[in-house]
Amino acid sequence: MSVSDPAPASPAVSVPVATKPFYWTLRREFWEHRALYIAPLAVAALILFGFTVSLIGLYGRAKELAQLTEDEKAAAIVQPYHFAAAAIIFTALIVSVFYCLAALYNERRDRTILFWKSLPVSDLTTVLAKASIPIVILPLLYALIIMAMHVLMFLINSAGRIAFGLSTAPLWTHVPLFQMEVVSLYGFVTQALWYAPIFAWLLMVSAWAKRSPFLWAFLAPAAVIIVERIAFNTHYFGMLITHRLFGGLEAAFAGSSVTARGAVKVAGPKFPVIGLEQLDPVKFLSSPGLWFGLVIAALFLAAAIWLRRYREPI
Amino acid sequence: MTCIEAHGLRKTFGATIALDGIDLRVEEGRILGLIGPNGAGKSTALNAILGLTPFQGELKVLGRNPWTERDKLMRDVCFIADVAVLPRWMRVSQALDYVEGVHPKFDRTKAEGFLGKTTIKRASRIRELSKGMVVQLHLALVMAIDAKLLILDEPTLGLDLLYRKQFYDALLNDYFDHSRTVVVTTHQVEEVQNILTDLMFIDRGKIVLDSSMEDFEARYAEVLVSPEQVAAARALRPIYERQVFSRTVMLFDRVARDQLRPFGEVRTPSIADLFVALIGGKTATAQGVAA
């Protein structure tokens, strides 16, 4: 065979270069799932826009505020900040759920799994990288986005007050930025860990389902609840799910409790911001629910790794 | 050095037998064409070699078990499945970044060099590229990897003539050297006939033919026989006959060319004709199927 290339043998490149498969798998997820960062940024932009527009009525509201008690005043001033954080938290949940369900399903549906598997990246690395997105990366990223958004709101708020000739002092008194950001970061991290088994379950379904991972992920637990109810007239599984969905706040914050209907009440709402003294990492880390959940998450992830190895394009 | 070695390689899907205990040995530096009808077990064999599917029997690729050591194996094995597996959402530059980030033997400069010969833009998303360009990109990525084994599964499916020709030219001129091994499956056998060093036919999970191209050329001969000589030629037991206008083309297995010359011009059959003779024409000439 005639080979026109003069020197095809290249002994120079025999030393393997250090690679970072985990890091690049993470990067790749953000390239593929741009909603991971576009969604919260879009929500934040909308909130900032709405907040800026709302400044038109600031002067009138400031006058009404003057009639209220200090507590009511504080609540009214800080309320948009809470609303903004809640919107981002809600976005985080939605984005995480859809991400998990797509993460190991799309690559099989569009056959790109054949490309990913043609590269020296193990199924373990791939699945752990994908799992770390909702459990580690997004909580930190979204807490950061909330912080940036709060700072911008504070600046816009101050600018508005100055424009109307009002004092910015009530903002400094009633918008405890530092405290809010610490609470939001702590809340994000603890709740993501608490939700780890849910994300791992979604990832496993995404690796397993041949079609409609969304339906499988939600109907399978629903079916278990119904079957348990009919067969034994009990609802342990349903309670387990409820505890998983709503018990995280109780585990992470002191003085909070879950009501009979599953709603969580964080105690001490006199001041409308959760106090730093209510962050209770010791209680959280010693709660059996956290560790039970993490064990379940590990089992689901192991199953997802196993499935990714066996599953073929669909 | 042996690149791929299999003994009694077997794979079943329920009651369907995809690979029926095949033995296989591919030496380093060969270009093997794996040819078979749809559903013959080609893809299953490749999937087993690539560690994409579990199997029974013994299989070593570059000395490793592909099923248990896929990620390590993939440092030395490259794989182009077909034109559709590059992620459509990815940008060309991201594909380069990613492969560079995860593959220890990827030479980015080389890949950029190959891409420089094409019209592919770095900022394009793969979904914006034509089928031919996607294959050019995939080939550029793969050729920049200093791998020992390259597996091509229908790499030129759906491409136009120019891209197909370019594909194999690039592969031969810029990639292949005698320390690398290539395994290719394709239905377009005529375009690989001249580049293969080895040929393997697979049908219903079994290997029907396993031959080097030299042996293939020495063993099989094709003669165009005129009607009055058909009876005489048949006495030499052709393994396959077909009609071309009023004359008969006969394919012989292990018949000396000197014996055939009186009947007409003797030539090496195309892989496609032999394929039809051994696999397509099974029922007509059952006695001719070579093991």
# chains A, B, ... in the order shown; residues from 1 in each chain; ligands from 1
$ interface_residues --of "chain B" --to "chain A" --cutoff "8 Å" --atoms "only C-alpha atoms" --output "PyMOL selection string"
chain B and resi 50+52-54+70-75+77-81+84-87+89-90+98-105+146+172-177
$ write_last_selection --atoms "C-alpha atoms" --output "PDB file, in the first residue's frame"
ATOM      1  CA  LEU B  50     -16.336  -1.918  21.247  1.00  0.00           C
ATOM      2  CA  LEU B  52     -21.120  -1.746  23.966  1.00  0.00           C
ATOM      3  CA  THR B  53     -22.744  -5.077  24.587  1.00  0.00           C
ATOM      4  CA  PRO B  54     -22.023  -8.089  26.807  1.00  0.00           C
ATOM      5  CA  ARG B  70     -14.394  -0.142  27.712  1.00  0.00           C
ATOM      6  CA  ASP B  71     -13.158   3.202  28.979  1.00  0.00           C
ATOM      7  CA  LYS B  72      -9.521   2.111  29.025  1.00  0.00           C
ATOM      8  CA  LEU B  73      -9.866   0.388  25.667  1.00  0.00           C
ATOM      9  CA  MET B  74     -11.260   3.537  24.080  1.00  0.00           C
ATOM     10  CA  ARG B  75      -7.903   5.268  24.526  1.00  0.00           C
ATOM     11  CA  VAL B  77      -9.800   2.393  19.750  1.00  0.00           C
ATOM     12  CA  CYS B  78     -11.732   4.838  17.605  1.00  0.00           C
ATOM     13  CA  PHE B  79     -15.167   4.344  16.290  1.00  0.00           C
ATOM     14  CA  ILE B  80     -17.339   5.950  13.640  1.00  0.00           C
ATOM     15  CA  ALA B  81     -20.803   4.433  13.855  1.00  0.00           C
ATOM     16  CA  ALA B  84     -25.804  10.547  12.731  1.00  0.00           C
ATOM     17  CA  VAL B  85     -24.072  10.085  16.066  1.00  0.00           C
ATOM     18  CA  LEU B  86     -22.324  13.419  16.535  1.00  0.00           C
ATOM     19  CA  PRO B  87     -24.518  15.511  18.841  1.00  0.00           C
ATOM     20  CA  TRP B  89     -26.522  20.630  19.393  1.00  0.00           C
ATOM     21  CA  MET B  90     -22.747  20.752  19.657  1.00  0.00           C
ATOM     22  CA  TYR B  98     -14.430  18.070  24.446  1.00  0.00           C
ATOM     23  CA  VAL B  99     -12.410  15.397  22.684  1.00  0.00           C
ATOM     24  CA  GLU B 100      -9.221  17.237  23.595  1.00  0.00           C
ATOM     25  CA  GLY B 101     -10.401  17.379  27.197  1.00  0.00           C
ATOM     26  CA  VAL B 102     -11.176  13.693  27.596  1.00  0.00           C
ATOM     27  CA  HIS B 103      -8.862  11.897  25.172  1.00  0.00           C
ATOM     28  CA  PRO B 104      -5.210  11.525  26.134  1.00  0.00           C
ATOM     29  CA  LYS B 105      -4.128  10.717  22.590  1.00  0.00           C
ATOM     30  CA  ASP B 146      -3.287   8.210  17.830  1.00  0.00           C
ATOM     31  CA  LEU B 172      -5.601   5.763   3.402  1.00  0.00           C
ATOM     32  CA  ASN B 173      -3.350   8.725   2.775  1.00  0.00           C
ATOM     33  CA  ASP B 174      -3.499  10.618   6.049  1.00  0.00           C
ATOM     34  CA  TYR B 175      -4.288   7.944   8.579  1.00  0.00           C
ATOM     35  CA  PHE B 176      -3.501   4.384   7.779  1.00  0.00           C
ATOM     36  CA  ASP B 177      -0.033   3.103   8.439  1.00  0.00           C
TER      37      ASP B 177
END
$ residues_around --residues "B:Asp253" --least-positions-apart "6" --cutoff "8 Å" --atoms "only C-alpha atoms" --output "PDB file with N, CA and C atoms, in the first residue's frame"
ATOM      1  N   ARG B 219      -7.877 -17.479  -5.269  1.00  0.00           N
ATOM      2  CA  ARG B 219      -8.814 -18.582  -5.145  1.00  0.00           C
ATOM      3  C   ARG B 219     -10.005 -18.484  -6.098  1.00  0.00           C
ATOM      4  N   TYR B 220     -10.534 -17.269  -6.228  1.00  0.00           N
ATOM      5  CA  TYR B 220     -11.774 -17.124  -6.993  1.00  0.00           C
ATOM      6  C   TYR B 220     -11.492 -16.534  -8.365  1.00  0.00           C
ATOM      7  N   ALA B 221     -12.182 -17.079  -9.363  1.00  0.00           N
ATOM      8  CA  ALA B 221     -12.032 -16.570 -10.717  1.00  0.00           C
ATOM      9  C   ALA B 221     -13.394 -16.505 -11.378  1.00  0.00           C
ATOM     10  N   PRO B 238     -18.762 -24.602 -11.403  1.00  0.00           N
ATOM     11  CA  PRO B 238     -18.775 -23.210 -10.918  1.00  0.00           C
ATOM     12  C   PRO B 238     -19.655 -23.124  -9.662  1.00  0.00           C
ATOM     13  N   ILE B 239     -19.290 -22.225  -8.762  1.00  0.00           N
ATOM     14  CA  ILE B 239     -20.111 -22.112  -7.561  1.00  0.00           C
ATOM     15  C   ILE B 239     -21.293 -21.173  -7.799  1.00  0.00           C
TER      16      ILE B 239
END
$ residues_around --residues "A:Leu307" --least-positions-apart "6" --cutoff "9 Å" --atoms "only C-alpha atoms" --output "VMD selection string"
chain A and resid 204 207 to 208
$ atom_distance --atom1 "atom CA of B:Leu150" --atom2 "atom CA of B:Asp76"
8.6 Å
$ residues_around --residues "stretch 106-120 of chain B" --least-positions-apart "5" --cutoff "8 Å" --atoms "only C-alpha atoms" --output "MDAnalysis selection string"
chainID B and resid 96 99:100 129 133 136:137 140:141 143:146
$ residues_around --residues "B:Arg88" --least-positions-apart "5" --cutoff "7 Å" --atoms "only C-alpha atoms" --output "MDAnalysis selection string"
chainID B and resid 125:127
$ closest_residue --among "B:Gly264, B:Pro269, B:Gly205, B:Pro227" --to "B:Asn38" --atoms "only C-alpha atoms"
B:Gly205
$ select_by_dssp --residues "stretch 55-188 of chain A" --states "helix (DSSP H, G or I)" --output "VMD selection string"
chain A and resid 55 to 66 70 to 103 106 to 109 113 to 116 123 to 163 169 to 174 177 to 188
$ residues_around --residues "stretch 156-161 of chain B" --least-positions-apart "2" --cutoff "12 Å" --atoms "only C-alpha atoms" --output "mmCIF file with C-alpha atoms, in the first residue's frame"
data_model
loop_
_atom_site.group_PDB
_atom_site.id
_atom_site.type_symbol
_atom_site.label_atom_id
_atom_site.label_comp_id
_atom_site.auth_asym_id
_atom_site.auth_seq_id
_atom_site.Cartn_x
_atom_site.Cartn_y
_atom_site.Cartn_z
ATOM 1 C CA ILE B 80 -17.339 5.950 13.640
ATOM 2 C CA ALA B 81 -20.803 4.433 13.855
ATOM 3 C CA ASP B 82 -22.607 6.257 11.120
ATOM 4 C CA VAL B 83 -23.176 9.828 10.111
ATOM 5 C CA ALA B 84 -25.804 10.547 12.731
ATOM 6 C CA SER B 130 -24.423 18.793 5.724
ATOM 7 C CA LYS B 131 -24.200 15.047 6.150
ATOM 8 C CA GLY B 132 -20.923 15.024 4.258
ATOM 9 C CA MET B 133 -19.448 17.737 6.469
ATOM 10 C CA VAL B 134 -20.453 15.865 9.618
ATOM 11 C CA VAL B 135 -18.527 12.866 8.391
ATOM 12 C CA GLN B 136 -15.548 15.064 7.528
ATOM 13 C CA HIS B 138 -15.932 13.037 12.662
ATOM 14 C CA LEU B 139 -13.090 11.759 10.528
ATOM 15 C CA LEU B 152 -16.018 1.983 10.883
ATOM 16 C CA ASP B 153 -19.640 0.880 10.812
ATOM 17 C CA GLU B 154 -21.231 1.992 7.543
ATOM 18 C CA TYR B 163 -17.581 12.568 -0.061
ATOM 19 C CA ARG B 164 -17.354 8.781 -0.147
ATOM 20 C CA LYS B 165 -14.271 8.876 -2.321
ATOM 21 C CA GLN B 166 -12.719 11.615 -0.181
ATOM 22 C CA PHE B 167 -13.434 9.642 2.964
ATOM 23 C CA TYR B 168 -11.470 6.587 1.925
ATOM 24 C CA VAL B 184 -14.945 -1.582 8.212
ATOM 25 C CA THR B 185 -18.473 -2.762 7.502
ATOM 26 C CA THR B 186 -20.274 -1.461 4.475
ATOM 27 C CA HIS B 187 -22.793 -2.377 1.831
ATOM 28 C CA GLN B 188 -20.874 -0.320 -0.708
ATOM 29 C CA VAL B 189 -18.368 -3.117 -1.233
ATOM 30 C CA GLU B 191 -15.525 1.164 -3.034
ATOM 31 C CA VAL B 192 -13.561 -0.751 -0.401
#
$ residues_around --residues "stretch 157-168 of chain A" --least-positions-apart "6" --cutoff "8 Å" --atoms "only C-alpha atoms" --output "MDAnalysis selection string"
chainID A and resid 52 55 58:59
$ atom_distance --atom1 "atom CA of B:Lys42" --atom2 "atom CA of B:Glu214"
22.9 Å
$ atom_distance --atom1 "atom CA of A:Ile145" --atom2 "atom CA of A:Gln191"
16.8 Å
$ select_by_dssp --residues "stretch 59-255 of chain B" --states "strand (DSSP E or B)" --output "MDAnalysis selection string"
chainID B and resid 59:61 64 77:80 91 106 125 145 149:153 181:185 198:203 206:212 220:225 240:244 247:253
$ closest_residue --among "B:Gly51, B:Gln56, B:Ile151, B:Gln193" --to "B:Phe13" --atoms "only C-alpha atoms"
B:Gln56
